[in-house]
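Beneath this line is the structure, given in structure tokens, with notes to follow.
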Amino acid sequence: MEILVTGGAGFIGSHTCVELLNAGYEVVVVDNLMNSKQEALDRVREITGKEVLFYNIDLLDKDALSKVFLKHEIRAVIHFAGLKAVGESVSLPLKYYHNNITGTLNLCEVMEEFGVHQLVFSSSATVYGLQDCVPFHEELPLQATNPYGRTKLMIEEILRDLYVSNKKWSIALLRYFNPVGAHPSGLIGEDPNGIPNNLVPYITQVAIGKLAKISVLGNDYSTDDGTGVRDYIHVLDLAVGHLKALEKVSFTTGVEAYNLGTGRGYSVLEMIATFEKVTGNSIPYEIVDRRPGDIAVSYADPTKAKNNLNWISQKGLIDMCEDSWRWQMNNPNGFGEVGLIKSGNKTFMK
Ligand code: NAD
Ligand code: WQD
């Protein structure tokens with residue numbers, strides 16, 4: 001019996017593949033590599049010493065997906081595949097709706113056809129929208145503030161409707177807070193295209209000298225130091241959360257949402273200060289205007305995952321920063337081509 005991992009070559013997917021293989025699962029990955037590199041899966045093999053089967057398939061190609069289900073005895077699916085850049089989703093909403101929603105519809109249709117009803121879905125804390133009371137718990141009313149967030153919200157609703165239609169479905173909706181960190185081996189990590197949108201990869205690229213300085217997006221929030229507070233969660237803690245959710249869906253039915261966060265928030269300035277400590281490098285920053293759509297504070301109430309999945313985050317902020325930094329140092333070019341990259345007067349070799 002195998003576990004199908006869609007988007008398994010991506011940031012969270014590759015770390016989850018490591019945990020699955022280490023726990024003895026057989027893993028089949030489907031990914032069209034639109035935001036990842038096959039090299040990530042070679043590194044997963046290197047870390048685990050185990051085989052991971054890979055199909056370069058787009059979820060929009062339903063026939064190709066069906067063939068994977070024909071060939072393998074899939075027991076459950078962990079569904080990471082999707083586009084995730086908030087800003088891009090505002091300028092290209094149709095691309096996001098088509099890829100994330102149609103891709104998920106195809107997946108669910110094929111699963112139904114082959115009698116596979118266990119699903120773990122990558123949702124996001126973005127479904128809580130503009131809340132002003134923390135911590136966020138699963139019963140809060142949901143809302144989306146951009147097309148990316150709306151795809152997550154819509155997919156959550158689609159999956160609830162699916163269960164109403166067929167009570168065999170067993171679905172975990174995992175709402176991640178802010179995933180950061182990397183595998184401690186330094187072999188896999190987050191590999192953003194171009195200039196990073198998210199805080200942590202931006203900071204590590206400043207720390208290594210690829211980018212000149214970080215813009216702190218607002219210091220007039222009602223937080224201790226005025227900068228935004230987020231619940232950063234180590235990607236390996238997330239990966240373990242997927243294994244716990246997989247166990248859960250294997251002996252229950254229904255649809256349940258779970259927050260995967262630490263339950264504690266750190267400000268942008270605290271993140272910069274911690275990275276300065278961990279890297280030993282200065283991280284220049286400037287305060288600029290707020291980013292539209294950002295909220296002051298977001299952190300999880302992780303009680304439900306603790307009680308129902310027996311999951312609790314283990315890794316602290318220093319682990320997150322050290323592991324992100326090791327990944328950045330060892331792979332200044334991410335999984336990119338071997339060669340030289342130039343940034344200002346600095347040259348990096350991979
Ligand atoms: P990622 O971009 O690194 O991984 C997603 C993978 O899906 C990529 O390898 C990409 O090539 C693949 N993919 C996308 N569309 C596909 C399609 N149509 N067919 C086949 N493969 C496709 O992103 P990630 O950070 O690992 O995120 C994984 C999931 O978690 C996403 O669904 C994302 O929305 C969700 N999520 C991410 C974050 C975050 O901050 N990283 C937070 C909350 C939720
Ligand atoms: C974190 C903090 C920024 C960049 C996003 C998505 C969310 C989810 C996770 C997928 C905020 C500040 C950031 C910068 C900064 N993804 N910041 N300078 O916005 O909490 O969440 O990623 O589901 O949907 O919206 O994460 O890393 O962008 O920002 O000061 O250059 O860092 O204002 O307070 P965010 P982030």
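Within each chain, counting starts at residue 1; across the structure tokens, chains are named A, B, ... in the order shown, with ligands numbered 1 upward in that order.
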>> I'd like the contact shell of A:Glu138 - 7 Å cut-off, only C-alpha atoms, skipping same-chain residues fewer than 2 positions apart - returned as a list in words.
In response: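 Neighbouring residues, sequence-local ones excluded: Phe136, Leu140, Ala257, Tyr258 and Asn259 of chain A.
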Please write the residues from the selection above to a file, keeping all heavy atoms, as a short mmCIF file (atom, residue, chain, number, x, y, z; two decimals), in the first residue's frame.
data_model
loop_
_atom_site.label_atom_id
_atom_site.label_comp_id
_atom_site.auth_asym_id
_atom_site.auth_seq_id
_atom_site.Cartn_x
_atom_site.Cartn_y
_atom_site.Cartn_z
N PHE A 136 -5.93 31.98 17.04
CA PHE A 136 -6.96 31.52 16.12
C PHE A 136 -7.30 30.06 16.42
O PHE A 136 -6.41 29.22 16.48
CB PHE A 136 -6.45 31.60 14.66
CG PHE A 136 -6.11 32.99 14.19
CD1 PHE A 136 -5.42 33.16 13.01
CD2 PHE A 136 -6.49 34.12 14.91
CE1 PHE A 136 -5.10 34.44 12.54
CE2 PHE A 136 -6.18 35.40 14.46
CZ PHE A 136 -5.48 35.55 13.27
N LEU A 140 -13.44 29.51 14.49
CA LEU A 140 -13.65 30.91 14.09
C LEU A 140 -14.33 30.97 12.72
O LEU A 140 -14.12 30.07 11.89
CB LEU A 140 -12.30 31.64 13.98
CG LEU A 140 -11.62 32.06 15.29
CD1 LEU A 140 -10.23 32.61 14.99
CD2 LEU A 140 -12.45 33.10 16.02
N ALA A 257 -10.78 20.04 10.58
CA ALA A 257 -9.71 21.01 10.39
C ALA A 257 -8.82 21.05 11.62
O ALA A 257 -9.33 20.94 12.75
CB ALA A 257 -10.30 22.39 10.14
N TYR A 258 -7.51 21.17 11.40
CA TYR A 258 -6.57 21.26 12.51
C TYR A 258 -5.56 22.37 12.26
O TYR A 258 -4.97 22.43 11.17
CB TYR A 258 -5.76 19.96 12.66
CG TYR A 258 -6.60 18.73 12.89
CD1 TYR A 258 -6.90 17.88 11.82
CD2 TYR A 258 -7.09 18.42 14.15
CE1 TYR A 258 -7.68 16.75 12.00
CE2 TYR A 258 -7.87 17.29 14.34
CZ TYR A 258 -8.16 16.47 13.27
OH TYR A 258 -8.92 15.35 13.47
N ASN A 259 -5.35 23.21 13.24
CA ASN A 259 -4.27 24.20 13.16
C ASN A 259 -2.94 23.50 13.39
O ASN A 259 -2.79 22.73 14.36
CB ASN A 259 -4.41 25.23 14.28
CG ASN A 259 -5.54 26.21 14.03
OD1 ASN A 259 -5.97 26.38 12.90
ND2 ASN A 259 -6.00 26.86 15.09
#
What are the closest atom pairs, with distances in Å to one decimal, for each residue of stretch 31-67 of chain A lying within 9 Å of stretch 79-103 of chain A, using only C-alpha atoms, rows by chain and rising residue number, as CSV?
residue,atom,partner,partner_atom,distance
A:Asp31,CA,A:Ala81,CA,7.0
A:Asn32,CA,A:Ala81,CA,8.8
A:Met34,CA,A:Leu83,CA,8.8
A:Asn35,CA,A:Leu83,CA,8.0
A:Asp58,CA,A:Gly103,CA,8.0
A:Leu59,CA,A:Gly103,CA,4.8
A:Leu60,CA,A:Gly103,CA,5.1
A:Asp61,CA,A:Gly103,CA,8.3
A:Lys62,CA,A:Gly103,CA,8.4
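Residue nearest A:Val240 within the list A:Asn310, A:Asn333, A:Gln328, A:Gln131: A:Asn310 [criterion: smallest interatomic distance, only C-alpha atoms].
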> Within 7 Å of stretch 167-182 of chain A, counting only C-alpha atoms, which residues qualify if same-chain residues fewer than 2 places away don't, as an MDAnalysis selection string?
Replying inline: chainID A and resid 117:125 163:165 184 186 188:189 200 230:235 245 249 252:261 320:321 323:324 327
>> Can you measure atom CA of A:Phe54 to atom CA of A:Ile12 for me? One decimal in Å is fine.
In response: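 These two atoms are separated by 16.1 Å.
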Grab me every residue within 6 Å of ligand 2, counting only C-alpha atoms and all ligand atoms, and send it over as a tab-separated table (two decimals) with C-alpha atoms, in the first residue's frame.
chain	number	residue	atom	x	y	z
A	84	LYS	CA	0.81	29.69	-3.17
A	86	VAL	CA	-0.58	35.67	-2.51
A	124	SER	CA	-3.62	27.52	5.52
A	126	THR	CA	-5.00	32.38	5.61
A	178	ASN	CA	4.06	30.23	8.84
A	197	ASN	CA	7.85	37.08	-0.86
A	198	ASN	CA	8.09	35.64	2.63
A	199	LEU	CA	10.06	37.01	5.54
A	214	ILE	CA	15.12	43.74	4.29
A	215	SER	CA	12.10	46.03	4.23
A	216	VAL	CA	10.17	45.78	7.50
A	217	LEU	CA	6.59	46.17	6.34
A	228	GLY	CA	3.84	42.14	12.64
A	229	VAL	CA	3.72	39.00	14.78
A	230	ARG	CA	3.45	35.50	13.25
A	268	VAL	CA	9.58	40.80	12.48
A	294	ASP	CA	-1.39	42.17	6.40
> Taking the backbone alone, and naming residues the way the document does, which bits of stretch 6-141 of chain A are strand (DSSP E) by DSSP, as a PyMOL selection string?
Replying inline: chain A and resi 6+26-31+53-56+74-79+118-124
Write the selection just made, keeping N, CA and C atoms, as a PDB file, in the first residue's frame?
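Resulting contents of part08.pdb:
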ATOM      1  N   THR A   6       0.914  14.544  -3.608  1.00  0.00           N
ATOM      2  CA  THR A   6       0.904  15.522  -4.702  1.00  0.00           C
ATOM      3  C   THR A   6       1.725  16.723  -4.254  1.00  0.00           C
ATOM      4  N   GLU A  26       5.601   3.532   1.830  1.00  0.00           N
ATOM      5  CA  GLU A  26       6.030   3.600   0.430  1.00  0.00           C
ATOM      6  C   GLU A  26       5.402   4.862  -0.161  1.00  0.00           C
ATOM      7  N   VAL A  27       6.207   5.620  -0.884  1.00  0.00           N
ATOM      8  CA  VAL A  27       5.761   6.953  -1.301  1.00  0.00           C
ATOM      9  C   VAL A  27       5.804   7.109  -2.822  1.00  0.00           C
ATOM     10  N   VAL A  28       4.687   7.599  -3.361  1.00  0.00           N
ATOM     11  CA  VAL A  28       4.609   7.926  -4.795  1.00  0.00           C
ATOM     12  C   VAL A  28       4.336   9.431  -4.891  1.00  0.00           C
ATOM     13  N   VAL A  29       5.213  10.140  -5.602  1.00  0.00           N
ATOM     14  CA  VAL A  29       5.046  11.596  -5.738  1.00  0.00           C
ATOM     15  C   VAL A  29       4.540  11.947  -7.137  1.00  0.00           C
ATOM     16  N   VAL A  30       3.537  12.833  -7.168  1.00  0.00           N
ATOM     17  CA  VAL A  30       3.089  13.442  -8.419  1.00  0.00           C
ATOM     18  C   VAL A  30       3.343  14.936  -8.305  1.00  0.00           C
ATOM     19  N   ASP A  31       4.101  15.478  -9.251  1.00  0.00           N
ATOM     20  CA  ASP A  31       4.407  16.922  -9.219  1.00  0.00           C
ATOM     21  C   ASP A  31       4.731  17.333 -10.647  1.00  0.00           C
ATOM     22  N   LEU A  53       9.096   7.069  -5.561  1.00  0.00           N
ATOM     23  CA  LEU A  53       8.712   7.034  -6.975  1.00  0.00           C
ATOM     24  C   LEU A  53       8.194   8.403  -7.386  1.00  0.00           C
ATOM     25  N   PHE A  54       8.547   8.817  -8.603  1.00  0.00           N
ATOM     26  CA  PHE A  54       8.164  10.165  -9.030  1.00  0.00           C
ATOM     27  C   PHE A  54       7.517  10.155 -10.412  1.00  0.00           C
ATOM     28  N   TYR A  55       6.377  10.844 -10.522  1.00  0.00           N
ATOM     29  CA  TYR A  55       5.730  11.057 -11.820  1.00  0.00           C
ATOM     30  C   TYR A  55       5.630  12.555 -12.066  1.00  0.00           C
ATOM     31  N   ASN A  56       6.196  12.991 -13.193  1.00  0.00           N
ATOM     32  CA  ASN A  56       6.092  14.409 -13.574  1.00  0.00           C
ATOM     33  C   ASN A  56       4.743  14.598 -14.273  1.00  0.00           C
ATOM     34  N   ILE A  74      -2.854   2.790  -4.167  1.00  0.00           N
ATOM     35  CA  ILE A  74      -2.790   3.978  -3.311  1.00  0.00           C
ATOM     36  C   ILE A  74      -3.785   3.818  -2.155  1.00  0.00           C
ATOM     37  N   ARG A  75      -3.281   4.028  -0.924  1.00  0.00           N
ATOM     38  CA  ARG A  75      -4.170   3.899   0.239  1.00  0.00           C
ATOM     39  C   ARG A  75      -4.714   5.257   0.673  1.00  0.00           C
ATOM     40  N   ALA A  76      -3.873   6.267   0.561  1.00  0.00           N
ATOM     41  CA  ALA A  76      -4.260   7.616   1.017  1.00  0.00           C
ATOM     42  C   ALA A  76      -3.461   8.644   0.237  1.00  0.00           C
ATOM     43  N   VAL A  77      -3.972   9.877   0.257  1.00  0.00           N
ATOM     44  CA  VAL A  77      -3.312  10.950  -0.494  1.00  0.00           C
ATOM     45  C   VAL A  77      -3.010  12.117   0.443  1.00  0.00           C
ATOM     46  N   ILE A  78      -1.790  12.629   0.342  1.00  0.00           N
ATOM     47  CA  ILE A  78      -1.464  13.911   0.993  1.00  0.00           C
ATOM     48  C   ILE A  78      -1.335  14.923  -0.144  1.00  0.00           C
ATOM     49  N   HIS A  79      -2.176  15.939  -0.105  1.00  0.00           N
ATOM     50  CA  HIS A  79      -2.336  16.824  -1.265  1.00  0.00           C
ATOM     51  C   HIS A  79      -1.749  18.210  -0.996  1.00  0.00           C
ATOM     52  N   GLN A 118      -9.134   8.490   1.757  1.00  0.00           N
ATOM     53  CA  GLN A 118      -8.371   9.110   2.854  1.00  0.00           C
ATOM     54  C   GLN A 118      -7.508  10.235   2.290  1.00  0.00           C
ATOM     55  N   LEU A 119      -7.737  11.438   2.809  1.00  0.00           N
ATOM     56  CA  LEU A 119      -7.076  12.607   2.226  1.00  0.00           C
ATOM     57  C   LEU A 119      -6.599  13.562   3.320  1.00  0.00           C
ATOM     58  N   VAL A 120      -5.358  13.996   3.170  1.00  0.00           N
ATOM     59  CA  VAL A 120      -4.822  15.050   4.044  1.00  0.00           C
ATOM     60  C   VAL A 120      -4.550  16.246   3.139  1.00  0.00           C
ATOM     61  N   PHE A 121      -5.195  17.373   3.433  1.00  0.00           N
ATOM     62  CA  PHE A 121      -5.121  18.534   2.539  1.00  0.00           C
ATOM     63  C   PHE A 121      -4.368  19.698   3.181  1.00  0.00           C
ATOM     64  N   SER A 122      -3.489  20.329   2.377  1.00  0.00           N
ATOM     65  CA  SER A 122      -2.748  21.523   2.803  1.00  0.00           C
ATOM     66  C   SER A 122      -3.645  22.736   2.754  1.00  0.00           C
ATOM     67  N   SER A 123      -4.248  23.068   3.887  1.00  0.00           N
ATOM     68  CA  SER A 123      -4.950  24.339   3.950  1.00  0.00           C
ATOM     69  C   SER A 123      -3.992  25.360   4.564  1.00  0.00           C
ATOM     70  N   SER A 124      -4.506  26.438   5.070  1.00  0.00           N
ATOM     71  CA  SER A 124      -3.620  27.519   5.515  1.00  0.00           C
ATOM     72  C   SER A 124      -4.337  28.374   6.555  1.00  0.00           C
TER      73      SER A 124
END
